[in-house]
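To be precise, the following lines are structure_35.txt, and they hold compact mmCIF, C-alpha atoms.
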```txt
# COMPACT_ATOMS: atom_id res chain seq x y z
CA MET A 1 -24.05 -13.49 48.09
CA GLY A 2 -27.24 -13.10 50.09
CA LYS A 3 -28.75 -13.63 53.48
CA TYR A 4 -29.60 -17.28 52.72
CA LEU A 5 -28.04 -18.07 49.33
CA ASN A 6 -24.26 -18.34 49.57
CA SER A 7 -24.27 -16.60 52.94
CA ARG A 8 -21.08 -15.55 54.73
CA VAL A 9 -22.42 -16.97 58.01
CA PRO A 10 -20.91 -20.46 57.53
CA PHE A 11 -17.53 -18.91 56.67
CA GLU A 12 -17.42 -16.71 59.75
CA SER A 13 -18.64 -19.50 62.05
CA TYR A 14 -16.38 -22.24 60.69
CA ARG A 15 -13.29 -20.03 60.47
CA GLU A 16 -13.70 -19.13 64.13
CA ILE A 17 -13.99 -22.75 65.31
CA ALA A 18 -11.29 -24.06 62.95
CA GLY A 19 -8.82 -21.62 64.46
CA THR A 20 -9.12 -22.98 67.98
CA ARG A 21 -6.58 -25.37 69.45
CA PHE A 22 -9.26 -27.98 70.19
CA PHE A 23 -10.53 -28.14 66.61
CA VAL A 24 -11.04 -31.69 65.30
CA ASP A 25 -10.85 -32.20 61.53
CA LYS A 26 -14.06 -33.91 60.39
CA SER A 27 -13.69 -32.81 56.78
CA LEU A 28 -13.70 -36.36 55.40
CA LEU A 29 -17.45 -36.20 55.99
CA LEU A 30 -17.45 -34.09 52.80
CA GLU A 31 -16.03 -37.03 50.84
CA ASP A 32 -18.81 -39.23 52.22
CA ILE A 33 -21.38 -36.63 51.13
CA LEU A 34 -19.89 -36.45 47.64
CA ASN A 35 -19.94 -40.24 47.32
CA THR A 36 -23.50 -40.38 48.59
CA VAL A 37 -24.61 -37.82 46.01
CA GLU A 38 -22.43 -38.76 43.03
CA VAL A 39 -22.01 -42.51 43.39
CA ASP A 40 -25.19 -43.53 45.18
CA GLY A 41 -27.40 -40.90 43.50
CA GLN A 42 -28.92 -39.70 46.76
CA LYS A 43 -30.70 -36.35 46.64
CA TYR A 44 -31.31 -35.97 50.36
CA LEU A 45 -28.97 -36.40 53.28
CA CYS A 46 -29.68 -35.96 56.97
CA ILE A 47 -26.79 -35.58 59.37
CA THR A 48 -27.89 -36.33 62.92
CA GLY A 49 -26.19 -36.82 66.22
CA PRO A 50 -26.73 -36.34 69.92
CA ARG A 51 -26.88 -32.93 71.53
CA ARG A 52 -23.52 -31.09 71.58
CA PHE A 53 -22.15 -33.46 68.91
CA GLY A 54 -21.12 -30.68 66.51
CA LYS A 55 -23.96 -30.79 63.96
CA SER A 56 -23.94 -27.00 63.50
CA VAL A 57 -20.17 -27.02 63.01
CA MET A 58 -20.57 -29.77 60.40
CA ALA A 59 -23.40 -27.85 58.67
CA ASN A 60 -21.14 -24.77 58.52
CA MET A 61 -18.30 -26.89 57.13
CA VAL A 62 -20.53 -28.42 54.44
CA ALA A 63 -21.95 -25.03 53.44
CA LEU A 64 -18.54 -23.37 53.38
CA PHE A 65 -16.99 -26.13 51.30
CA PHE A 66 -19.63 -26.12 48.57
CA GLU A 67 -20.86 -22.51 48.49
CA ARG A 68 -19.62 -19.76 46.22
CA ALA A 69 -19.74 -16.98 48.84
CA VAL A 70 -16.03 -16.94 49.61
CA ASP A 71 -12.88 -18.72 48.52
CA SER A 72 -12.50 -21.16 51.38
CA GLY A 73 -9.46 -22.95 49.97
CA THR A 74 -7.14 -21.53 52.63
CA LEU A 75 -9.30 -23.07 55.36
CA PHE A 76 -9.62 -26.48 53.72
CA GLU A 77 -6.14 -26.90 52.23
CA ARG A 78 -4.74 -28.02 55.60
CA LEU A 79 -7.60 -30.47 56.26
CA ALA A 80 -7.91 -34.11 55.24
CA ILE A 81 -10.46 -33.36 52.48
CA ALA A 82 -7.75 -31.54 50.50
CA ARG A 83 -6.25 -34.93 49.64
CA SER A 84 -9.50 -36.14 48.08
CA GLU A 85 -9.59 -36.50 44.29
CA ASN A 86 -12.92 -34.59 44.25
CA TYR A 87 -11.61 -31.69 46.34
CA LYS A 88 -11.03 -29.09 43.62
CA ALA A 89 -14.00 -30.20 41.53
CA HIS A 90 -16.45 -29.17 44.27
CA LEU A 91 -14.71 -26.57 46.45
CA ASN A 92 -16.78 -23.36 46.15
CA LYS A 93 -18.55 -24.55 42.98
CA HIS A 94 -22.20 -24.78 44.10
CA ASN A 95 -25.02 -22.58 45.29
CA VAL A 96 -26.00 -23.25 48.89
CA VAL A 97 -29.12 -22.09 50.71
CA TYR A 98 -28.26 -22.02 54.41
CA ILE A 99 -31.02 -21.59 56.99
CA ASP A 100 -30.33 -21.37 60.72
CA PHE A 101 -33.60 -21.83 62.59
CA SER A 102 -32.13 -20.70 65.89
CA GLU A 103 -32.31 -17.08 64.78
CA THR A 104 -35.66 -15.36 64.96
CA PRO A 105 -36.10 -11.65 64.32
CA ARG A 106 -38.01 -9.53 66.83
CA ASP A 107 -40.29 -8.06 64.17
CA ARG A 108 -42.16 -11.34 63.58
CA ALA A 109 -45.17 -11.81 65.82
CA ASN A 110 -46.07 -15.35 64.86
CA TYR A 111 -44.98 -18.56 63.23
CA ARG A 112 -46.48 -17.81 59.78
CA GLN A 113 -44.60 -14.52 59.60
CA TYR A 114 -41.40 -16.32 60.55
CA ILE A 115 -41.76 -18.85 57.72
CA ALA A 116 -42.85 -16.17 55.24
CA ARG A 117 -39.80 -14.06 56.13
CA ILE A 118 -37.43 -16.94 55.41
CA GLN A 119 -39.17 -17.82 52.13
CA ASP A 120 -39.21 -14.16 51.02
CA GLY A 121 -35.51 -13.85 51.85
CA ILE A 122 -34.66 -16.96 49.83
CA ASN A 123 -36.84 -15.74 46.94
CA HIS A 124 -35.00 -12.41 46.83
CA ASP A 125 -31.60 -14.11 47.03
CA LEU A 126 -32.53 -16.45 44.16
CA ALA A 127 -33.88 -13.58 42.05
CA LYS A 128 -30.61 -11.70 42.53
CA ALA A 129 -28.43 -14.74 41.77
CA TYR A 130 -30.48 -15.80 38.74
CA HIS A 131 -31.24 -12.28 37.48
CA ASP A 132 -31.18 -13.48 33.86
CA LEU A 133 -34.35 -15.52 34.56
CA SER A 134 -36.42 -12.48 35.68
CA ILE A 135 -37.78 -14.31 38.71
CA ASP A 136 -41.01 -12.99 40.22
CA THR A 137 -40.28 -12.95 43.97
CA VAL A 138 -44.00 -12.97 44.81
CA LYS A 139 -44.25 -16.57 43.57
CA ALA A 140 -44.06 -19.47 45.98
CA LEU A 141 -40.51 -20.65 46.70
CA TRP A 142 -41.14 -24.10 45.19
CA ASP A 143 -42.38 -22.48 41.95
CA ILE A 144 -39.20 -20.42 41.76
CA LEU A 145 -37.10 -23.54 42.37
CA ASP A 146 -39.01 -25.38 39.61
CA GLU A 147 -38.38 -22.45 37.26
CA ILE A 148 -34.65 -22.42 38.02
CA SER A 149 -34.28 -26.19 37.81
CA GLY A 150 -35.94 -26.18 34.40
CA LYS A 151 -33.26 -23.84 33.06
CA GLN A 152 -30.14 -24.64 35.08
CA ARG A 153 -28.15 -27.82 35.51
CA LYS A 154 -26.03 -27.09 38.56
CA ASN A 155 -26.39 -28.57 42.01
CA LEU A 156 -28.05 -26.50 44.69
CA PHE A 157 -27.62 -27.53 48.31
CA LEU A 158 -30.17 -26.68 50.97
CA LEU A 159 -28.75 -26.90 54.49
CA LEU A 160 -30.97 -26.60 57.51
CA THR A 161 -29.56 -26.16 60.98
CA ASN A 162 -31.37 -25.49 64.20
CA GLY A 163 -28.41 -24.32 66.23
CA THR A 164 -28.65 -24.75 69.96
CA GLN A 165 -30.51 -21.65 71.05
CA TYR A 166 -34.14 -22.75 70.94
CA SER A 167 -34.78 -20.45 73.87
CA THR A 168 -34.02 -17.40 71.71
CA CYS A 169 -36.14 -18.76 68.91
CA HIS A 170 -39.54 -18.34 70.64
CA LEU A 171 -40.92 -21.34 68.73
CA SER A 172 -42.34 -24.48 70.26
CA GLN A 173 -40.71 -27.81 69.49
CA GLU A 174 -43.73 -28.65 67.31
CA GLN A 175 -43.31 -25.43 65.31
CA ILE A 176 -39.64 -26.19 64.82
CA ARG A 177 -40.51 -29.69 63.54
CA LEU A 178 -43.09 -28.17 61.18
CA THR A 179 -40.55 -25.66 59.92
CA VAL A 180 -38.02 -28.36 59.12
CA LEU A 181 -40.77 -30.38 57.42
CA ILE A 182 -41.82 -27.40 55.27
CA PHE A 183 -38.28 -26.78 54.09
CA SER A 184 -37.64 -30.49 53.63
CA ARG A 185 -40.60 -30.59 51.26
CA ILE A 186 -39.14 -27.65 49.42
CA CYS A 187 -35.98 -29.76 49.07
CA SER A 188 -38.01 -32.24 47.08
CA ARG A 189 -38.41 -29.52 44.42
CA ILE A 190 -34.66 -29.15 44.10
CA ARG A 191 -33.32 -31.26 41.31
CA ASN A 192 -30.29 -29.88 39.57
CA MET A 193 -29.82 -26.14 39.75
```
What does the file become when written as structure tokens?
Amino acid sequence: MGKYLNSRVPFESYREIAGTRFFVDKSLLLEDILNTVEVDGQKYLCITGPRRFGKSVMANMVALFFERAVDSGTLFERLAIARSENYKAHLNKHNVVYIDFSETPRDRANYRQYIARIQDGINHDLAKAYHDLSIDTVKALWDILDEISGKQRKNLFLLLTNGTQYSTCHLSQEQIRLTVLIFSRICSRIRNM
């Protein structure tokens, strides 16, 4: 479990919202994602919606369902997805890289440092998780992903969320778009890990 790879953030966030009395079960979205990946063979999926539609909640749900960070069965067993035939086959069985672009540390003075910090964090998380591969964390993230994908045959999910606090992010809208583009290109390196 790391800062980005199989992070506890989705668990804490989703558990909090799922415990409220106004929670709406949207877990069947997971079945649609599984069908899109397994049946249709899609590698990339973009979940969009209008402002305040619950995209961050859905991103947390997706990450929590697939990731290995915590056993989330107690959260999902009461939701509609638990009746799916693919439920147990995928619950907590995959590595998930989760990036929330709404959080920016104070110690980064510019955009390049911000991106480098995220990439370095992911590199270190991957090196720890795949310690048997002796990953050099100085390499570019896409090179590390190529190295892992050449030796592993497990799905890796990359989830990007921007949250709603752009004002705390100190990035322009253009920088945010560039950031998502950079990490979307990194997604193209992800095959089966």
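Candidate residues A:Lys26, A:Arg78, A:His131, A:Arg68 were compared for distance to A:Ile148, and the nearest is A:His131, using all atoms listed in the file.
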Pick from A:Phe22, A:Tyr130, A:Phe53, A:Tyr14, whichever lies nearest to A:Phe76 using only C-alpha atoms: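 The shortest atom-to-atom distance to A:Phe76 comes from A:Tyr14.
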Have a look at atom CA of A:Leu28 and atom CA of A:Ile81 and let me know their distance in Å, one decimal. 5.3 Å
State, in Å with one decimal place, the distance from atom CA of A:Asn35 to atom CA of A:Asp143.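 Separation of atom CA of A:Asn35 and atom CA of A:Asp143: 29.1 Å.
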Please indicate the distance in Å from atom CA of A:Asn110 to atom CA of A:Ile122, rounded to one decimal place.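 We find that atom CA of A:Asn110 and atom CA of A:Ile122 lie 18.9 Å from each other.
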Counting all atoms listed in the file, the option among A:Arg83, A:Arg8, A:His124, A:Lys151 closest to A:Val138: A:His124
With distances taken over all atoms listed in the file, which residue among A:Ile135, A:Ala63, A:Met58, A:Val39 lies nearest A:Val96?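 Using all atoms listed in the file, A:Val96 sits closest to A:Ala63.
Closest approach to A:Ser134 among A:Phe66, A:Leu79, A:Gly2, A:Glu147: A:Glu147, based on all atoms listed in the file.
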Top pick for closest residue to A:Glu16, considering A:Val97, A:Asn60, A:Ile115, A:Asp71 and counting all atoms listed in the file: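 Smallest separation from A:Glu16 among the options: A:Asn60.
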